[in-house]
file coords_25.cif (mmCIF, C-alpha atoms)
data_work
#
loop_
_atom_site.label_atom_id
_atom_site.label_comp_id
_atom_site.auth_asym_id
_atom_site.auth_seq_id
_atom_site.Cartn_x
_atom_site.Cartn_y
_atom_site.Cartn_z
CA MET A 645 -63.50 44.11 -25.58
CA LEU A 646 -60.38 43.59 -23.46
CA LYS A 647 -62.54 42.06 -20.72
CA LYS A 648 -63.89 39.49 -23.19
CA ILE A 649 -60.33 38.58 -24.18
CA VAL A 650 -58.97 38.04 -20.66
CA GLN A 651 -62.02 35.97 -19.68
CA THR A 652 -61.78 33.48 -22.53
CA ARG A 653 -60.58 29.91 -22.13
CA TYR A 654 -58.10 30.57 -24.94
CA PHE A 655 -56.43 33.36 -23.00
CA SER A 656 -56.23 31.19 -19.88
CA GLY A 657 -54.90 28.32 -21.95
CA PHE A 658 -52.28 30.56 -23.52
CA ILE A 659 -51.15 31.84 -20.11
CA LEU A 660 -51.02 28.26 -18.80
CA SER A 661 -48.86 27.31 -21.79
CA VAL A 662 -46.51 30.20 -21.05
CA VAL A 663 -46.36 29.17 -17.37
CA LEU A 664 -45.49 25.60 -18.36
CA LEU A 665 -42.85 26.79 -20.86
CA ASN A 666 -41.40 29.12 -18.25
CA SER A 667 -41.31 26.29 -15.70
CA LEU A 668 -39.40 24.15 -18.18
CA VAL A 669 -36.95 26.98 -18.90
CA LEU A 670 -36.39 27.65 -15.19
CA GLY A 671 -35.71 23.94 -14.70
CA LEU A 672 -33.23 23.88 -17.59
CA LEU A 673 -31.45 26.93 -16.21
CA THR A 674 -30.53 24.94 -13.11
CA SER A 675 -28.30 22.65 -15.19
CA PRO A 676 -24.79 24.07 -15.63
CA ASP A 677 -24.20 22.05 -18.82
CA ILE A 678 -27.41 23.20 -20.51
CA THR A 679 -26.90 26.77 -19.32
CA ALA A 680 -23.39 26.77 -20.79
CA LYS A 681 -24.72 25.62 -24.17
CA CYS A 682 -28.07 27.42 -24.40
CA GLY A 683 -28.07 29.93 -21.54
CA GLY A 684 -28.58 32.98 -23.73
CA VAL A 685 -31.58 31.49 -25.50
CA LEU A 686 -33.11 30.26 -22.25
CA ILE A 687 -32.70 33.64 -20.60
CA ALA A 688 -34.29 35.30 -23.64
CA ILE A 689 -37.26 32.92 -23.43
CA ASP A 690 -37.51 33.62 -19.71
CA ARG A 691 -37.63 37.36 -20.38
CA VAL A 692 -40.33 36.92 -23.05
CA CYS A 693 -42.37 34.88 -20.57
CA LEU A 694 -41.92 37.59 -17.96
CA PHE A 695 -43.06 40.21 -20.49
CA ILE A 696 -46.19 38.13 -21.17
CA PHE A 697 -46.88 37.84 -17.42
CA VAL A 698 -46.51 41.62 -17.02
CA LEU A 699 -48.82 42.18 -19.98
CA GLU A 700 -51.38 39.77 -18.48
CA ALA A 701 -51.31 41.62 -15.15
CA VAL A 702 -51.63 45.03 -16.83
CA MET A 703 -54.55 43.83 -18.96
CA LYS A 704 -56.37 42.41 -15.95
CA ILE A 705 -55.71 45.50 -13.83
CA TRP A 706 -57.01 47.64 -16.69
CA VAL A 707 -60.20 45.56 -16.87
CA TRP A 708 -60.95 45.11 -13.17
CA ARG A 709 -59.14 48.12 -11.67
CA PHE A 710 -58.84 47.68 -7.88
CA ASP A 711 -61.10 44.63 -7.92
CA TYR A 712 -58.12 42.80 -9.46
CA PHE A 713 -56.41 42.88 -6.06
CA LYS A 714 -59.39 41.36 -4.24
CA ARG A 715 -58.68 37.84 -5.55
CA GLY A 716 -55.95 35.84 -3.87
CA TRP A 717 -54.64 34.31 -7.09
CA ASN A 718 -54.27 37.73 -8.68
CA LEU A 719 -52.30 38.96 -5.67
CA PHE A 720 -50.11 35.87 -5.92
CA ASP A 721 -49.55 36.38 -9.66
CA PHE A 722 -48.85 40.08 -9.21
CA SER A 723 -46.38 39.42 -6.39
CA ILE A 724 -44.49 36.90 -8.52
CA VAL A 725 -44.33 39.33 -11.43
CA VAL A 726 -43.02 42.12 -9.18
CA VAL A 727 -40.40 39.84 -7.58
CA SER A 728 -39.34 38.63 -11.03
CA LEU A 729 -38.99 42.17 -12.32
CA LEU A 730 -37.01 43.21 -9.26
CA SER A 731 -34.71 40.21 -9.49
CA ASP A 732 -34.10 40.51 -13.24
CA PHE A 733 -33.72 44.25 -13.63
CA THR A 734 -32.29 45.53 -10.33
CA ALA A 735 -29.39 44.82 -8.03
CA LEU A 736 -31.66 42.61 -5.91
CA SER A 737 -30.42 39.42 -7.54
CA SER A 738 -30.92 37.58 -4.24
CA LEU A 739 -34.61 37.50 -5.17
CA ARG A 740 -33.84 35.32 -8.22
CA THR A 741 -34.53 32.16 -6.24
CA LEU A 742 -38.09 33.35 -5.65
CA ARG A 743 -38.73 33.17 -9.42
CA ILE A 744 -39.37 29.47 -8.93
CA LEU A 745 -42.72 30.51 -7.44
CA ARG A 746 -43.86 31.07 -11.04
CA VAL A 747 -44.20 27.30 -11.26
CA PHE A 748 -46.95 27.40 -8.64
CA ARG A 749 -49.12 29.48 -10.96
CA THR A 750 -50.11 26.20 -12.60
CA LEU A 751 -51.95 25.26 -9.40
CA LYS A 752 -54.63 27.85 -10.04
CA PHE A 753 -55.58 26.11 -13.26
CA ILE A 754 -56.21 22.85 -11.39
CA SER A 755 -59.29 24.45 -9.86
CA GLY A 756 -60.80 24.74 -13.33
CA VAL A 757 -60.25 21.13 -14.40
CA LYS A 758 -62.48 18.63 -12.57
CA ASN A 759 -60.35 15.55 -13.39
CA LEU A 760 -57.21 17.23 -12.03
CA GLN A 761 -59.09 18.22 -8.87
CA ILE A 762 -60.00 14.56 -8.32
CA ILE A 763 -56.40 13.39 -8.84
CA VAL A 764 -54.88 16.05 -6.58
CA SER A 765 -57.49 15.35 -3.92
CA ALA A 766 -56.78 11.60 -4.08
CA ILE A 767 -53.03 12.18 -3.80
CA GLY A 768 -53.59 14.46 -0.81
CA ARG A 769 -55.76 11.88 0.94
CA SER A 770 -53.28 9.07 0.24
CA ILE A 771 -50.20 10.78 1.73
CA PRO A 772 -50.86 9.57 5.32
CA SER A 773 -51.29 6.00 4.06
CA ILE A 774 -48.04 6.22 2.14
CA GLY A 775 -46.28 7.29 5.34
CA TRP A 776 -47.67 4.30 7.24
CA THR A 777 -46.69 1.99 4.36
CA ALA A 778 -43.12 3.33 4.41
CA MET A 779 -42.93 2.81 8.17
CA LEU A 780 -44.22 -0.77 7.82
CA MET A 781 -41.70 -1.48 5.06
CA SER A 782 -38.84 -0.13 7.16
CA ILE A 783 -39.77 -2.47 10.03
#

call {"tool": "encode", "arguments": {"input": "coords_25.cif", "output": "structure tokens"}}
result
Amino acid sequence: MLKKIVQTRYFSGFILSVVLLNSLVLGLLTSPDITAKCGGVLIAIDRVCLFIFVLEAVMKIWVWRFDYFKRGWNLFDFSIVVVSLLSDFTALSSLRTLRILRVFRTLKFISGVKNLQIIVSAIGRSIPSIGWTAMLMSI
């Protein structure tokens, strides 16, 4: 039953929503003014997001056992969760800057949305042209 849950679009959509919320919170935590006003709430939301990410990893490891670690995205997600746990709950606070890698979890969801794949591909192909345009404009 747990396997059916973690494989649903709803579960993936929920995790994507949490990733986006967490990205927003991490961005807000970079502002000293906002942190001064709402820092406690933002940190609490960040911790709830981290708990959800840990729960997601545990659920997937439970379902797929060692096969979980055969997929690159799972290794990436697991590494981010471990770094986040180490930075939040140990003296290794220097790892806190690596929490920003959580934002990159959204990239894995691009592979599942055809329209986003097309847009990202077009942007990637247009970067060299943008460079040439900037050079021409500077001349």

call {"tool": "closest_atom_pairs", "arguments": {"input": "coords_25.cif", "of": "stretch 687-717 of chain A", "to": "stretch 651-673 of chain A", "cutoff": "12 Å", "atoms": "only C-alpha atoms", "output": "tab-separated table"}}
result
residue	atom	partner	partner_atom	distance
A:Ile687	CA	A:Val669	CA	8.1
A:Ala688	CA	A:Val669	CA	9.9
A:Ile689	CA	A:Val669	CA	7.5
A:Asp690	CA	A:Asn666	CA	6.1
A:Arg691	CA	A:Asn666	CA	9.3
A:Val692	CA	A:Asn666	CA	9.2
A:Cys693	CA	A:Val662	CA	6.3
A:Leu694	CA	A:Asn666	CA	8.5
A:Phe695	CA	A:Val662	CA	10.6
A:Ile696	CA	A:Val662	CA	7.9
A:Phe697	CA	A:Ile659	CA	7.8
A:Val698	CA	A:Ile659	CA	11.3
A:Leu699	CA	A:Ile659	CA	10.6
A:Glu700	CA	A:Ile659	CA	8.1
A:Ala701	CA	A:Ile659	CA	11.0
A:Met703	CA	A:Gln651	CA	10.9
A:Lys704	CA	A:Gln651	CA	9.3
A:Val707	CA	A:Gln651	CA	10.2
A:Trp708	CA	A:Gln651	CA	11.3

call {"tool": "atom_distance", "arguments": {"input": "coords_25.cif", "atom1": "atom CA of A:Val702", "atom2": "atom CA of A:Val725"}}
result
10.7 Å

call {"tool": "axis_aligned_box", "arguments": {"input": "coords_25.cif", "around": "stretch 691-709 of chain A", "padding_each_side": "4 Å", "output": "JSON"}}
result
{"center_x": -49.3, "center_y": 41.5, "center_z": -17.4, "size_x": 31.3, "size_y": 21.2, "size_z": 19.4}

call {"tool": "atom_distance", "arguments": {"input": "coords_25.cif", "atom1": "atom CA of A:Cys682", "atom2": "atom CA of A:Val726"}}
result
25.9 Å
